[in-house]
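S.K.: I'm passing along target.pdb; it holds PDB, C-alpha atoms.
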```pdb
ATOM      1  CA  LEU A   1     150.640 125.432  91.806
ATOM      2  CA  THR A   2     149.338 128.454  93.678
ATOM      3  CA  LYS A   3     150.842 128.097  97.151
ATOM      4  CA  VAL A   4     153.452 125.980  98.950
ATOM      5  CA  MET A   5     152.936 125.585 102.677
ATOM      6  CA  SER A   6     155.198 123.463 104.865
ATOM      7  CA  ARG A   7     154.670 122.751 108.543
ATOM      8  CA  VAL A   8     157.320 121.382 110.906
ATOM      9  CA  ILE A   9     156.271 120.438 114.440
ATOM     10  CA  GLU A  10     158.779 119.545 117.119
ATOM     11  CA  ASP A  11     157.327 118.078 120.333
ATOM     12  CA  ASN A  12     159.448 117.382 123.388
ATOM     13  CA  PHE A  13     157.340 115.225 125.705
ATOM     14  CA  LYS A  14     159.931 115.206 128.475
ATOM     15  CA  PHE A  15     160.097 118.998 128.842
ATOM     16  CA  LYS A  16     156.554 119.591 127.514
ATOM     17  CA  THR A  17     157.638 122.042 124.853
ATOM     18  CA  ARG A  18     156.346 122.400 121.318
ATOM     19  CA  TYR A  19     157.747 124.358 118.404
ATOM     20  CA  ASP A  20     155.374 124.804 115.506
ATOM     21  CA  SER A  21     156.928 126.327 112.378
ATOM     22  CA  VAL A  22     155.147 127.180 109.141
ATOM     23  CA  VAL A  23     156.866 128.232 105.912
ATOM     24  CA  MET A  24     154.530 129.620 103.255
ATOM     25  CA  ASP A  25     155.375 130.695  99.728
ATOM     26  CA  LYS A  26     152.356 132.442  98.238
ATOM     27  CA  THR A  27     153.905 132.714  94.774
ATOM     28  CA  PRO A  28     155.977 129.565  94.175
ATOM     29  CA  THR A  29     156.091 129.952  90.408
ATOM     30  CA  THR A  30     158.062 133.214  90.544
ATOM     31  CA  GLU A  31     161.795 133.525  91.096
ATOM     32  CA  ASP A  32     161.371 136.123  93.853
ATOM     33  CA  THR A  33     161.711 134.508  97.283
ATOM     34  CA  SER A  34     161.394 137.648  99.370
ATOM     35  CA  ASP A  35     157.653 137.002  99.905
ATOM     36  CA  ILE A  36     158.169 133.662 101.695
ATOM     37  CA  GLU A  37     156.668 133.966 105.181
ATOM     38  CA  ILE A  38     158.202 132.102 108.118
ATOM     39  CA  GLN A  39     156.108 131.711 111.245
ATOM     40  CA  THR A  40     157.333 130.117 114.482
ATOM     41  CA  ARG A  41     155.309 129.482 117.611
ATOM     42  CA  PHE A  42     156.616 128.246 120.964
ATOM     43  CA  ASN A  43     153.988 126.365 123.010
ATOM     44  CA  THR A  44     150.908 128.617 123.079
ATOM     45  CA  GLU A  45     152.599 131.999 122.649
ATOM     46  CA  GLU A  46     151.832 134.371 119.818
ATOM     47  CA  PRO A  47     153.616 133.331 116.629
ATOM     48  CA  TYR A  48     156.697 135.180 115.445
ATOM     49  CA  ARG A  49     156.317 136.062 111.753
ATOM     50  CA  VAL A  50     158.943 137.344 109.375
ATOM     51  CA  LEU A  51     159.210 137.664 105.612
ATOM     52  CA  LEU A  52     162.304 136.177 104.054
ATOM     53  CA  GLY A  53     163.046 139.482 102.348
ATOM     54  CA  ASN A  54     163.274 141.182 105.751
ATOM     55  CA  MET A  55     165.761 138.676 107.196
ATOM     56  CA  GLU A  56     169.328 139.745 107.685
ATOM     57  CA  ASN A  57     171.615 138.743 104.849
ATOM     58  CA  THR A  58     175.115 140.118 105.378
ATOM     59  CA  LEU A  59     178.556 138.544 105.103
ATOM     60  CA  SER A  60     178.788 138.188 108.877
ATOM     61  CA  SER A  61     175.204 136.894 109.283
ATOM     62  CA  PRO A  62     173.876 135.191 106.130
ATOM     63  CA  THR A  63     170.576 134.078 107.706
ATOM     64  CA  ARG A  64     168.559 134.221 104.500
ATOM     65  CA  ILE A  65     171.112 132.251 102.476
ATOM     66  CA  ASN A  66     171.431 129.663 105.252
ATOM     67  CA  PHE A  67     167.645 129.210 105.352
ATOM     68  CA  LYS A  68     167.421 128.624 101.603
ATOM     69  CA  ARG A  69     170.502 126.410 101.340
ATOM     70  CA  ASP A  70     170.200 124.354 104.523
ATOM     71  CA  PHE A  71     166.424 123.935 104.771
ATOM     72  CA  TYR A  72     164.157 125.149 102.003
ATOM     73  CA  VAL A  73     165.834 123.689  98.914
ATOM     74  CA  LYS A  74     166.358 120.313 100.638
ATOM     75  CA  HIS A  75     162.783 120.295 101.922
ATOM     76  CA  LEU A  76     161.319 120.997  98.473
ATOM     77  CA  THR A  77     163.598 118.347  96.937
ATOM     78  CA  TYR A  78     162.362 115.717  99.407
ATOM     79  CA  PHE A  79     158.755 116.731  98.744
ATOM     80  CA  GLU A  80     159.243 116.517  94.981
ATOM     81  CA  ARG A  81     160.770 113.037  95.251
ATOM     82  CA  LEU A  82     158.019 111.797  97.533
ATOM     83  CA  PHE A  83     155.323 113.228  95.253
ATOM     84  CA  ARG A  84     156.961 111.712  92.164
ATOM     85  CA  TYR A  85     157.291 108.285  93.811
ATOM     86  CA  VAL A  86     153.640 108.318  94.867
ATOM     87  CA  VAL A  87     152.504 109.263  91.368
ATOM     88  CA  GLU A  88     154.708 106.610  89.737
ATOM     89  CA  TYR A  89     153.499 103.953  92.183
ATOM     90  CA  ALA A  90     149.870 104.877  91.509
ATOM     91  CA  LYS A  91     150.496 104.686  87.776
ATOM     92  CA  ARG A  92     152.195 101.332  87.988
ATOM     93  CA  TYR A  93     150.014  99.526  90.511
ATOM     94  CA  GLY A  94     146.915 101.612  91.047
ATOM     95  CA  SER A  95     145.365 101.108  87.641
ATOM     96  CA  ASN A  96     145.469  97.873  85.690
ATOM     97  CA  LYS A  97     144.012  99.362  82.505
ATOM     98  CA  ASP A  98     147.451  99.756  80.912
ATOM     99  CA  LEU A  99     148.395  96.209  81.825
ATOM    100  CA  VAL A 100     145.094  94.845  80.509
ATOM    101  CA  ALA A 101     145.524  96.716  77.223
ATOM    102  CA  VAL A 102     149.060  95.394  76.711
ATOM    103  CA  GLU A 103     148.039  91.844  77.605
ATOM    104  CA  ARG A 104     145.117  92.043  75.155
ATOM    105  CA  LEU A 105     147.492  93.169  72.396
ATOM    106  CA  LYS A 106     149.872  90.292  73.213
ATOM    107  CA  ARG A 107     147.008  87.792  73.007
ATOM    108  CA  SER A 108     146.010  89.168  69.621
ATOM    109  CA  LEU A 109     149.317  87.876  68.227
ATOM    110  CA  ASP A 110     148.469  84.255  69.143
ATOM    111  CA  TYR A 111     147.435  82.355  66.002
TER
END
```
Mind converting the file's structure to structure tokens?

M.R.:
Amino acid sequence: LTKVMSRVIEDNFKFKTRYDSVVMDKTPTTEDTSDIEIQTRFNTEEPYRVLLGNMENTLSSPTRINFKRDFYVKHLTYFERLFRYVVEYAKRYGSNKDLVAVERLKRSLDY
């Protein structure tokens, strides 16, 4: 795994607004999260970019902790579950080679 990139798009058709947010971790295998880049764009304006390490993280304004706890960890957990379910489904139903092999072994016991 060399990069994790998540994109969240929020369209409001009534007010014709669009928020486009991108969260990119260029080194997901390391414990350091200060290099995670957060980019937010409103409609067609220039995107606002900030590194997670540069976000404010004080007792009165724990922005960095809130981001990790309330969004990023939950988002990665949902992604991991979805990925695991897709892989398990593909294993179980996508390929019948395992099923054919087991059925062949069962038939070999018939005398």

S.K.: Which residues match the PyMOL selection byres ((chain A and resi 7) around 8) in the file above, as a list in words?

M.R.: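 Checking the PyMOL selection byres ((chain A and resi 7) around 8) against this file, the residues are Met5, Ser6, Val8, Ile9, Asp20, Ser21, Val22 and Val23 of chain A.
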
S.K.: So the first atom is atom CA of A:Tyr19 and the second is atom CA of A:Asp35; what is the distance between them in Å, to one decimal place?

M.R.: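 The value is 22.4 Å.
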
S.K.: Nearest to A:Arg64 among A:Glu46, A:Glu37, A:Glu88, A:Glu80, with distances taken over all atoms listed in the file: which residue is it?

M.R.: A:Glu37

S.K.: So how far away is atom CA of A:Asp32 from atom CA of A:Tyr48, in Å?

M.R.: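 It comes out at 22.1 Å.
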
S.K.: Which residue, A:Arg69, A:Arg104, A:Lys26, A:Arg41, has the smallest gap to A:Asp11 when you use all atoms listed in the file?

M.R.: A:Arg41

S.K.: Between atom CA of A:Pro28 and atom CA of A:Leu52, what is the distance in Å, rounded to a tenth?

M.R.: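 The value is 13.5 Å.
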
S.K.: Counting all atoms listed in the file, which residue out of A:Ile65, A:Lys3, A:Leu82, A:Met24 sits closest to A:Gln39?

M.R.: A:Met24

S.K.: Under the rule that only C-alpha atoms are counted, which of A:Arg81, A:Val100, A:Ile36, A:Thr44 is the nearest residue to A:Thr17?

M.R.: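 So, comparing all the options, the nearest one is A:Thr44.
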
S.K.: When distances are computed from all atoms listed in the file, which of A:Leu105, A:Leu1, A:Tyr111, A:Lys16 shows the smallest separation from A:Phe42?

M.R.: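 Among A:Leu105, A:Leu1, A:Tyr111, A:Lys16, it is A:Lys16 that comes nearest to A:Phe42.
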
S.K.: Can you tell me which residues surround A:Lys68 at a distance of at most 12 Å, considering all atoms listed in the file, apart from same-chain residues fewer than 2 positions away, and format the answer as a JSON list (two decimals) with C-alpha atoms, in the coordinates of the input?

M.R.:
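Result went into selection_6.json, see below:
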```json
[["chain", "number", "residue", "atom", "x", "y", "z"],
["A", 23, "VAL", "CA", 156.87, 128.23, 105.91],
["A", 33, "THR", "CA", 161.71, 134.51, 97.28],
["A", 34, "SER", "CA", 161.39, 137.65, 99.37],
["A", 36, "ILE", "CA", 158.17, 133.66, 101.70],
["A", 38, "ILE", "CA", 158.20, 132.10, 108.12],
["A", 52, "LEU", "CA", 162.30, 136.18, 104.05],
["A", 53, "GLY", "CA", 163.05, 139.48, 102.35],
["A", 55, "MET", "CA", 165.76, 138.68, 107.20],
["A", 57, "ASN", "CA", 171.62, 138.74, 104.85],
["A", 62, "PRO", "CA", 173.88, 135.19, 106.13],
["A", 63, "THR", "CA", 170.58, 134.08, 107.71],
["A", 64, "ARG", "CA", 168.56, 134.22, 104.50],
["A", 65, "ILE", "CA", 171.11, 132.25, 102.48],
["A", 66, "ASN", "CA", 171.43, 129.66, 105.25],
["A", 70, "ASP", "CA", 170.20, 124.35, 104.52],
["A", 71, "PHE", "CA", 166.42, 123.94, 104.77],
["A", 72, "TYR", "CA", 164.16, 125.15, 102.00],
["A", 73, "VAL", "CA", 165.83, 123.69, 98.91],
["A", 74, "LYS", "CA", 166.36, 120.31, 100.64],
["A", 75, "HIS", "CA", 162.78, 120.30, 101.92],
["A", 76, "LEU", "CA", 161.32, 121.00, 98.47],
["A", 77, "THR", "CA", 163.60, 118.35, 96.94]]
```

S.K.: If you take every atom of stretch 63-81 of chain A that the file lists and fit an axis-aligned box around them with 8 Å extra on each side, what centre and edge lengths come out in Å to one decimal, as JSON?

M.R.:
```
{"center_x": 165.1, "center_y": 123.6, "center_z": 101.3, "size_x": 28.7, "size_y": 37.2, "size_z": 28.7}
```

S.K.: From the list A:Thr2, A:Asp110, A:Arg18, A:Val87, which residue is nearest A:Glu45 when using all atoms listed in the file?

M.R.: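 Smallest distance to A:Glu45 is found for A:Arg18.
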